[in-house]
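Below: work-v3.cif (mmCIF, C-alpha atoms)
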data_work
loop_
_atom_site.label_atom_id
_atom_site.label_comp_id
_atom_site.auth_asym_id
_atom_site.auth_seq_id
_atom_site.Cartn_x
_atom_site.Cartn_y
_atom_site.Cartn_z
CA MET A 1 69.24 118.46 95.71
CA ASN A 2 70.68 121.97 95.59
CA GLU A 3 74.06 122.73 94.05
CA GLY A 4 75.77 123.20 97.41
CA ALA A 5 74.77 119.73 98.52
CA ARG A 6 75.57 118.22 95.11
CA ALA A 7 79.14 119.45 95.44
CA HIS A 8 79.54 117.11 98.39
CA GLU A 9 78.33 113.97 96.64
CA ILE A 10 80.89 111.18 96.52
CA GLN A 11 81.65 110.17 92.94
CA THR A 12 84.94 108.39 93.56
CA LEU A 13 86.37 106.80 96.70
CA PRO A 14 90.11 106.13 96.35
CA VAL A 15 90.55 104.59 99.82
CA LEU A 16 88.24 102.11 101.55
CA VAL A 17 88.93 100.74 105.04
CA LEU A 18 87.30 97.39 105.81
CA PHE A 19 87.07 95.53 109.11
CA PRO A 20 87.03 91.84 108.03
CA HIS A 21 86.79 90.65 111.65
CA ASN A 22 85.54 92.46 114.73
CA ARG A 23 87.66 90.86 117.48
CA CYS A 24 91.34 91.06 118.38
CA ASN A 25 93.96 88.76 119.87
CA CYS A 26 95.64 91.52 121.91
CA ARG A 27 94.46 93.21 125.10
CA CYS A 28 95.99 96.63 124.44
CA VAL A 29 95.76 99.32 127.08
CA MET A 30 94.69 101.95 124.50
CA CYS A 31 92.02 99.85 122.75
CA ASP A 32 88.93 97.96 123.89
CA ILE A 33 88.19 95.95 120.75
CA TRP A 34 89.38 92.84 122.61
CA ARG A 35 86.43 93.24 124.96
CA ILE A 36 83.96 92.44 122.18
CA ARG A 37 82.44 89.02 122.83
CA GLU A 38 80.08 88.53 119.87
CA GLU A 39 82.33 87.42 117.03
CA GLN A 40 81.45 88.73 113.57
CA GLU A 41 83.13 88.82 110.18
CA ILE A 42 82.43 90.01 106.65
CA SER A 43 82.07 87.02 104.36
CA PRO A 44 83.95 86.61 101.06
CA ASP A 45 80.53 86.35 99.38
CA GLU A 46 79.64 89.87 100.56
CA ILE A 47 82.87 91.26 99.11
CA GLU A 48 82.13 89.48 95.84
CA MET A 49 78.59 90.89 95.84
CA ARG A 50 79.83 94.46 96.40
CA LEU A 51 82.87 94.31 94.12
CA ASP A 52 81.19 95.97 91.11
CA GLU A 53 80.21 98.94 93.27
CA PHE A 54 83.74 99.26 94.65
CA VAL A 55 85.06 99.26 91.09
CA ARG A 56 82.50 101.87 89.97
CA LEU A 57 83.57 104.05 92.88
CA GLY A 58 87.15 103.84 91.68
CA VAL A 59 88.48 102.26 94.87
CA GLU A 60 92.26 102.07 94.46
CA GLN A 61 93.29 100.85 97.89
CA VAL A 62 91.57 98.75 100.52
CA VAL A 63 93.00 98.83 104.04
CA LEU A 64 92.17 95.76 106.14
CA SER A 65 91.82 96.89 109.74
CA GLY A 66 89.62 95.94 112.65
CA GLY A 67 89.81 93.96 114.94
CA GLU A 68 92.59 91.67 113.83
CA PRO A 69 92.02 90.83 110.14
CA LEU A 70 94.07 87.62 110.41
CA MET A 71 91.42 86.21 112.78
CA HIS A 72 89.08 85.98 109.77
CA SER A 73 88.13 82.39 108.90
CA ASP A 74 89.38 82.74 105.29
CA LEU A 75 91.07 86.06 104.66
CA ALA A 76 92.58 84.88 101.36
CA ALA A 77 89.07 84.20 99.99
CA PHE A 78 87.95 87.58 101.38
CA ALA A 79 90.76 89.33 99.51
CA ALA A 80 90.46 87.34 96.27
CA PRO A 81 87.76 89.50 94.58
CA LEU A 82 89.60 92.70 95.47
CA ARG A 83 92.87 91.38 94.09
CA ARG A 84 91.12 90.19 90.93
CA ALA A 85 89.87 93.75 90.43
CA GLY A 86 93.40 95.11 90.75
CA ILE A 87 92.70 96.92 94.03
CA ARG A 88 95.76 97.34 96.21
CA ILE A 89 95.38 95.80 99.68
CA THR A 90 97.21 96.95 102.80
CA LEU A 91 96.93 94.67 105.82
CA LEU A 92 97.12 96.05 109.36
CA SER A 93 97.97 93.43 111.97
CA SER A 94 99.14 92.97 115.54
CA GLY A 95 101.46 90.29 114.17
CA LEU A 96 100.44 87.64 116.71
CA ALA A 97 98.90 85.41 114.02
CA LEU A 98 101.39 86.33 111.33
CA GLU A 99 103.60 83.25 111.50
CA ALA A 100 100.64 80.92 110.83
CA ALA A 101 99.42 83.14 107.97
CA ALA A 102 102.81 83.79 106.35
CA GLY A 103 102.32 81.26 103.55
CA ARG A 104 99.09 83.00 102.44
CA LEU A 105 100.31 86.55 102.88
CA THR A 106 100.90 87.38 99.22
CA GLN A 107 97.41 86.08 98.42
CA ILE A 108 95.95 88.46 100.98
CA ALA A 109 97.83 91.74 100.64
CA ASP A 110 100.32 93.85 98.74
CA ASP A 111 101.95 95.20 101.87
CA LEU A 112 101.75 94.75 105.63
CA ILE A 113 101.81 97.20 108.53
CA VAL A 114 102.35 95.66 111.96
CA SER A 115 101.87 97.27 115.35
CA LEU A 116 105.08 97.85 117.29
CA ASP A 117 104.74 99.60 120.62
CA GLY A 118 108.33 99.57 121.82
CA PRO A 119 111.18 97.23 122.70
CA ARG A 120 110.29 93.77 124.03
CA THR A 121 109.22 94.56 127.60
CA VAL A 122 107.39 97.76 126.69
CA HIS A 123 105.61 96.18 123.74
CA ASP A 124 104.47 93.19 125.79
CA ALA A 125 103.24 95.43 128.63
CA ILE A 126 101.16 97.57 126.28
CA ARG A 127 99.78 94.58 124.34
CA ARG A 128 99.18 92.70 127.62
CA VAL A 129 100.08 89.43 125.89
CA ARG A 130 103.03 87.43 127.17
CA GLY A 131 105.64 86.98 124.44
CA ALA A 132 103.88 89.36 122.03
CA PHE A 133 107.14 90.93 120.85
CA ASP A 134 108.76 87.58 120.12
CA ARG A 135 105.66 86.32 118.31
CA LEU A 136 105.67 89.47 116.20
CA ALA A 137 109.38 89.01 115.39
CA GLU A 138 108.85 85.36 114.48
CA GLY A 139 105.88 86.31 112.32
CA VAL A 140 107.86 88.94 110.43
CA SER A 141 110.68 86.46 109.87
CA ALA A 142 108.24 83.84 108.55
CA ALA A 143 106.60 86.44 106.31
CA ARG A 144 109.99 87.42 104.88
CA ARG A 145 110.76 83.82 104.01
CA ALA A 146 107.35 83.17 102.48
CA ALA A 147 106.66 86.45 100.69
CA GLY A 148 110.17 87.32 99.58
CA PRO A 149 112.27 90.47 99.93
CA GLY A 150 110.03 92.58 97.66
CA PHE A 151 107.08 92.40 100.04
CA ARG A 152 107.09 95.55 102.17
CA ILE A 153 106.58 95.14 105.93
CA THR A 154 106.54 98.28 108.05
CA ALA A 155 105.60 99.17 111.61
CA ARG A 156 103.25 101.68 113.10
CA SER A 157 103.84 102.72 116.69
CA THR A 158 101.09 104.38 118.72
CA VAL A 159 102.80 106.77 121.11
CA GLN A 160 101.37 107.04 124.62
CA ARG A 161 102.62 107.46 128.15
CA ALA A 162 103.92 103.89 128.44
CA ASN A 163 106.27 104.17 125.45
CA ALA A 164 106.74 107.90 124.90
CA PHE A 165 110.23 107.86 126.41
CA HIS A 166 111.31 104.77 124.43
CA LEU A 167 111.10 106.10 120.87
CA ASP A 168 114.76 105.45 120.08
CA GLU A 169 114.50 101.91 121.45
CA THR A 170 111.37 101.39 119.36
CA VAL A 171 113.25 102.33 116.20
CA GLU A 172 116.02 99.94 117.21
CA ALA A 173 113.43 97.21 117.80
CA ALA A 174 112.04 97.78 114.30
CA ARG A 175 115.53 97.24 112.89
CA GLU A 176 116.03 94.18 115.09
CA ILE A 177 112.83 92.59 113.76
CA GLY A 178 113.86 93.35 110.17
CA LEU A 179 111.17 95.84 109.20
CA ASP A 180 111.41 98.18 106.24
CA ALA A 181 110.29 101.34 108.04
CA ILE A 182 108.49 102.65 111.10
CA SER A 183 105.98 105.46 111.56
CA PHE A 184 104.70 107.09 114.73
CA LEU A 185 101.32 108.52 115.63
CA ALA A 186 99.88 109.73 118.90
CA VAL A 187 97.25 107.81 120.80
CA ASP A 188 93.67 109.02 120.42
CA VAL A 189 92.26 110.03 123.81
CA SER A 190 89.03 111.73 122.82
CA THR A 191 86.72 109.59 120.67
CA THR A 192 84.80 106.33 120.93
CA ALA A 193 86.93 104.69 118.23
CA PHE A 194 88.26 101.21 119.00
CA ASN A 195 85.22 100.23 121.09
CA ARG A 196 86.01 102.69 123.85
CA PRO A 197 83.38 104.39 126.00
CA GLU A 198 82.30 107.99 125.65
CA GLY A 199 85.20 110.38 126.05
CA GLY A 200 87.80 108.06 124.59
CA LYS A 201 89.23 106.91 127.91
CA PRO A 202 90.04 103.22 128.33
CA ARG A 203 87.76 101.22 130.62
CA ASP A 204 90.78 100.20 132.68
CA PRO A 205 91.32 103.06 135.17
CA ALA A 206 94.98 102.07 135.55
CA ALA A 207 95.67 102.69 131.86
CA SER A 208 96.96 106.26 131.69
CA LEU A 209 97.57 107.19 128.06
CA GLU A 210 98.32 110.90 127.86
CA LEU A 211 101.38 112.75 129.07
CA ALA A 212 101.04 115.07 132.04
CA ARG A 213 102.18 118.66 131.76
CA GLU A 214 105.24 117.91 133.89
CA ASP A 215 106.25 115.14 131.43
CA LEU A 216 106.47 117.48 128.46
CA PRO A 217 110.03 118.84 128.91
CA GLU A 218 111.46 115.32 129.24
CA PHE A 219 109.44 114.14 126.23
CA ALA A 220 110.61 117.12 124.16
CA ALA A 221 114.20 116.33 125.07
CA SER A 222 113.82 112.64 124.17
CA LEU A 223 112.21 113.55 120.86
CA GLU A 224 115.06 115.93 120.01
CA ALA A 225 117.55 113.21 120.94
CA LEU A 226 115.80 110.83 118.55
CA ILE A 227 115.94 113.42 115.78
CA SER A 228 119.65 114.03 116.40
CA ASP A 229 120.75 110.45 116.95
CA ARG A 230 118.65 108.93 114.16
CA ALA A 231 119.40 111.52 111.48
CA GLU A 232 120.27 108.85 108.92
CA ASP A 233 117.03 106.97 109.61
CA PHE A 234 115.10 110.14 108.87
CA ARG A 235 117.11 110.81 105.70
CA SER A 236 116.64 107.26 104.42
CA GLY A 237 112.93 107.17 105.19
CA PHE A 238 113.28 104.33 107.68
CA ILE A 239 111.48 106.71 110.04
CA VAL A 240 108.60 107.71 107.80
CA GLU A 241 107.77 111.11 109.28
CA SER A 242 110.03 114.13 109.05
CA PRO A 243 111.45 115.59 112.28
CA GLU A 244 109.14 118.58 111.94
CA LYS A 245 106.10 116.37 111.49
CA LEU A 246 106.95 114.41 114.65
CA ARG A 247 107.35 117.63 116.58
CA ARG A 248 103.91 118.64 115.37
CA THR A 249 102.02 115.35 115.65
CA LEU A 250 103.57 114.15 118.90
CA LEU A 251 104.94 117.01 121.00
CA ARG A 252 102.41 119.63 119.99
CA TYR A 253 99.56 117.14 120.30
CA PHE A 254 100.50 115.95 123.80
CA THR A 255 101.11 119.57 124.82
CA ALA A 256 97.56 120.41 123.79
CA VAL A 257 96.14 117.31 125.50
CA ALA A 258 97.89 118.42 128.70
CA GLY A 259 96.24 121.82 128.43
CA ALA A 260 99.50 123.64 127.77
CA GLY A 261 98.88 124.55 124.13
CA GLU A 262 96.42 124.58 121.25
CA PHE A 263 95.43 121.73 118.94
CA GLU A 264 96.52 122.28 115.37
CA ALA A 265 94.17 122.87 112.45
CA ALA A 266 95.69 120.70 109.74
CA PRO A 267 94.67 119.60 106.23
CA CYS A 268 92.43 116.53 105.92
CA ASN A 269 90.08 115.41 103.19
CA ALA A 270 89.34 111.92 104.52
CA PRO A 271 85.52 112.27 104.53
CA TRP A 272 85.57 113.11 100.82
CA VAL A 273 88.07 110.49 99.63
CA SER A 274 87.69 107.53 102.00
CA ALA A 275 85.27 105.61 104.18
CA VAL A 276 85.48 103.06 106.99
CA VAL A 277 83.17 100.02 106.86
CA GLU A 278 83.00 98.07 110.11
CA THR A 279 82.19 94.37 110.41
CA ASP A 280 78.49 94.94 111.12
CA GLY A 281 78.09 97.26 108.13
CA THR A 282 78.48 100.53 110.04
CA VAL A 283 79.97 103.22 107.78
CA ARG A 284 82.02 106.09 109.14
CA PRO A 285 83.63 108.96 107.22
CA CYS A 286 86.88 108.15 109.08
CA PHE A 287 87.96 106.20 112.15
CA PHE A 288 86.95 108.93 114.57
CA HIS A 289 83.75 110.62 113.45
CA GLU A 290 80.33 109.19 114.25
CA PRO A 291 78.66 106.77 111.77
CA ILE A 292 76.83 108.13 108.74
CA GLY A 293 74.82 104.96 108.04
CA ASN A 294 74.91 101.21 107.64
CA LEU A 295 75.89 99.46 104.43
CA ARG A 296 73.69 96.41 104.99
CA GLU A 297 70.65 98.46 105.92
CA ALA A 298 71.04 100.88 103.01
CA GLY A 299 71.83 98.20 100.46
CA SER A 300 74.78 99.93 98.84
CA LEU A 301 77.80 101.95 99.85
CA VAL A 302 76.85 104.76 97.47
CA ASP A 303 73.46 105.05 99.15
CA VAL A 304 75.20 105.53 102.50
CA LEU A 305 77.87 107.91 101.24
CA ASN A 306 75.36 110.09 99.39
CA SER A 307 72.50 109.94 101.86
CA PRO A 308 71.13 113.30 103.04
CA ARG A 309 72.75 112.66 106.42
CA ALA A 310 76.20 112.01 104.93
CA ILE A 311 76.06 114.92 102.50
CA GLU A 312 74.97 117.29 105.24
CA PHE A 313 77.84 116.06 107.41
CA ARG A 314 80.41 116.83 104.71
CA ARG A 315 78.73 120.10 103.70
CA THR A 316 78.88 121.49 107.23
CA LEU A 317 82.23 119.99 108.28
CA ASP A 318 84.94 122.56 108.89
CA VAL A 319 88.09 120.59 109.67
CA ARG A 320 89.73 123.76 110.94
CA SER A 321 87.31 124.15 113.84
CA ASP A 322 85.58 120.78 114.29
CA PRO A 323 86.61 119.42 117.72
CA VAL A 324 87.07 115.85 116.46
CA CYS A 325 89.20 117.03 113.52
CA ARG A 326 91.31 119.35 115.65
CA ARG A 327 92.17 116.53 118.07
CA CYS A 328 92.64 113.94 115.32
CA VAL A 329 95.82 111.86 115.43
CA CYS A 330 95.58 110.35 111.94
CA ARG A 331 94.75 112.81 109.20
CA LEU A 332 94.47 111.85 105.55
CA ASN A 333 95.21 114.50 102.94
CA LEU A 334 95.05 112.74 99.60
CA GLU A 335 96.66 115.01 97.05
CA GLY A 336 95.07 115.43 93.64
CA ALA A 337 91.63 114.31 94.83
CA ARG A 338 88.75 116.39 93.50
CA THR A 339 86.91 117.30 96.68
CA PRO A 340 85.28 120.45 97.99
CA ALA A 341 87.78 120.29 100.85
CA GLY A 342 90.60 120.59 98.35
CA GLY A 343 92.86 118.91 100.87
CA ARG A 344 92.74 122.00 103.06
CA PRO A 345 90.74 123.03 106.10
CA ARG A 346 87.95 125.41 105.21
#
Using structure tokens, write down the structure from this file.
Amino acid sequence: MNEGARAHEIQTLPVLVLFPHNRCNCRCVMCDIWRIREEQEISPDEIEMRLDEFVRLGVEQVVLSGGEPLMHSDLAAFAAPLRRAGIRITLLSSGLALEAAAGRLTQIADDLIVSLDGPRTVHDAIRRVRGAFDRLAEGVSAARRAAGPGFRITARSTVQRANAFHLDETVEAAREIGLDAISFLAVDVSTTAFNRPEGGKPRDPAASLELAREDLPEFAASLEALISDRAEDFRSGFIVESPEKLRRTLLRYFTAVAGAGEFEAAPCNAPWVSAVVETDGTVRPCFFHEPIGNLREAGSLVDVLNSPRAIEFRRTLDVRSDPVCRRCVCRLNLEGARTPAGGRPR
């Protein structure tokens, strides 16, 4: 291996995203995971078997995503080896199964991020599950009682056409439910992530996700109203992003999607500091790029991460110009990580 390729070997992997279960209990307009019919999950025995490798890689945080992780047959047993190794676990959940799992929550995770897509009627329409908002609220309440006030529960809201003009109401809904904070990110409309077909469009032709060019002035005005009216929520960190970041990640993004502006080249070092392992063993450098191998076929995560295919991907990746990176809605820029990317686009 030449020196240029060796520079892109993965020696440490601070963040590992795992999909414990491949199905979901929502029918979201922006995601087609719920269409998967063949149920699969990663067994606790497989996590136990791979724990030494995770430790050698210096994994500091595991994010449980999917699919709905709480649909796993024994998520506490799945998490037990990771917790024994001192690895921090963040659980991502729709919240529909949260009430039933509340008593086991502190065995499973160190913090919880739930999906919140708007106030009651908007959230339910996007999730396409009757009573989804109320089930989420009841689940958060049960989790608070079981896990105690020190357990952090926050929301992530995926902004799309159906909720783009309800951002202020979404923040109010987060307060109503009793969450600790809320963050916003734009909906991905370009990749095959989340079991969507080529091009990133939902299979349901009635599900329009992006904003049209004529929507942009109204959206800009509503975003500025949020920034003005919720100034204290920004100052306190209840709204995680800064006003300028929301202008960039929401308004500028939807402007570019509508063909009225350019996508932004922004820092990201995700392929050098993290990996996504799906339920069937598929390994991706992030949620949105194509797979670089399969954990079960290769035998070890290191063998996938440092395969010729994976190294060549990282060696030739220019996050400043790569079309997937430029349109990305969820960049990771882990500071202090020793990577050739240096946390900056090349």
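Picture a line from atom CA of Thr158 of chain A to atom CA of Arg252 of chain A; it runs 15.4 Å.
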Got a sec to resolve the PyMOL selection byres ((chain A and resi 275) around 6) on this structure and send the residues as JSON, numbers by chain? {"A": [16, 274, 276, 284, 285, 286]}
Would you put the residues from that selection into a file with C-alpha atoms, as an mmCIF file, in the frame of the given file?
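In the end it all went to again_15.cif:
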data_model
loop_
_atom_site.group_PDB
_atom_site.id
_atom_site.type_symbol
_atom_site.label_atom_id
_atom_site.label_comp_id
_atom_site.auth_asym_id
_atom_site.auth_seq_id
_atom_site.Cartn_x
_atom_site.Cartn_y
_atom_site.Cartn_z
ATOM 1 C CA LEU A 16 88.240 102.110 101.550
ATOM 2 C CA SER A 274 87.690 107.530 102.000
ATOM 3 C CA VAL A 276 85.480 103.060 106.990
ATOM 4 C CA ARG A 284 82.020 106.090 109.140
ATOM 5 C CA PRO A 285 83.630 108.960 107.220
ATOM 6 C CA CYS A 286 86.880 108.150 109.080
#
Is it possible to get the residues within 10 Å of (84.7, 90.5, 108.0) (coordinates as in the file, counting all atoms listed in the file) written as an MDAnalysis selection string? chainID A and resid 18:23 39:44 46:47 64:69 71:75 78 277:281
Pick from A:Cys26, A:Val189, A:Val324, A:Val273, whichever lies nearest to Phe133 of chain A using only C-alpha atoms: A:Cys26
So that I can check the surroundings of Asp180 of chain A, please list as number ranges by chain every protein, DNA and RNA residue that reaches within 7 Å of it, counting all atoms listed in the file and ignoring chain neighbours fewer than 2 positions away. A: 152-154, 178, 238
Using all atoms listed in the file, determine which residues lie at most 7 Å from Leu136 of chain A, disregarding the query and same-chain residues fewer than 4 positions distant; provide the list as a PyMOL selection string. chain A and resi 95-96+132+140
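The shortest atom-to-atom distance to Ser242 of chain A, with all atoms listed in the file taken into account, belongs to A:Ile182 out of A:Ile182, A:Val329, A:Ala298, A:Val129.
Selection check: the PyMOL selection byres ((chain A and resi 123) around 10) on the shown file gives Cys28, Ser115, Leu116, Asp117, Gly118, Pro119, Arg120, Thr121, Val122, Asp124, Ala125, Ile126, Arg127, Arg128, Val129, Arg130, Gly131, Ala132, Phe133, Asp134, Ser157, Ala162, Asn163, Thr170 and Ala173 of chain A.
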Could you name the residues that touch Phe234 of chain A at 12 Å or less, counting all atoms listed in the file, but leaving out those on the same chain fewer than 3 positions away, as a ChimeraX atom specification? /A:171,181-183,226-231,237-246
Rounded to one decimal, what separation in Å do you get between atom CA of Arg320 of chain A and atom CA of Asp32 of chain A? 28.9 Å
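The residues returned by the PyMOL selection byres ((chain A and resi 54-59) around 6) on the shown structure are A:Thr12, A:Leu13, A:Pro14, A:Val15, A:Leu51, A:Asp52, A:Glu53, A:Glu60, A:Gln61.
Proximity to Gly139 of chain A was assessed for A:Leu98, A:Leu91, A:Ile10, A:Leu209 counting all atoms listed in the file; the smallest distance is recorded for A:Leu98.
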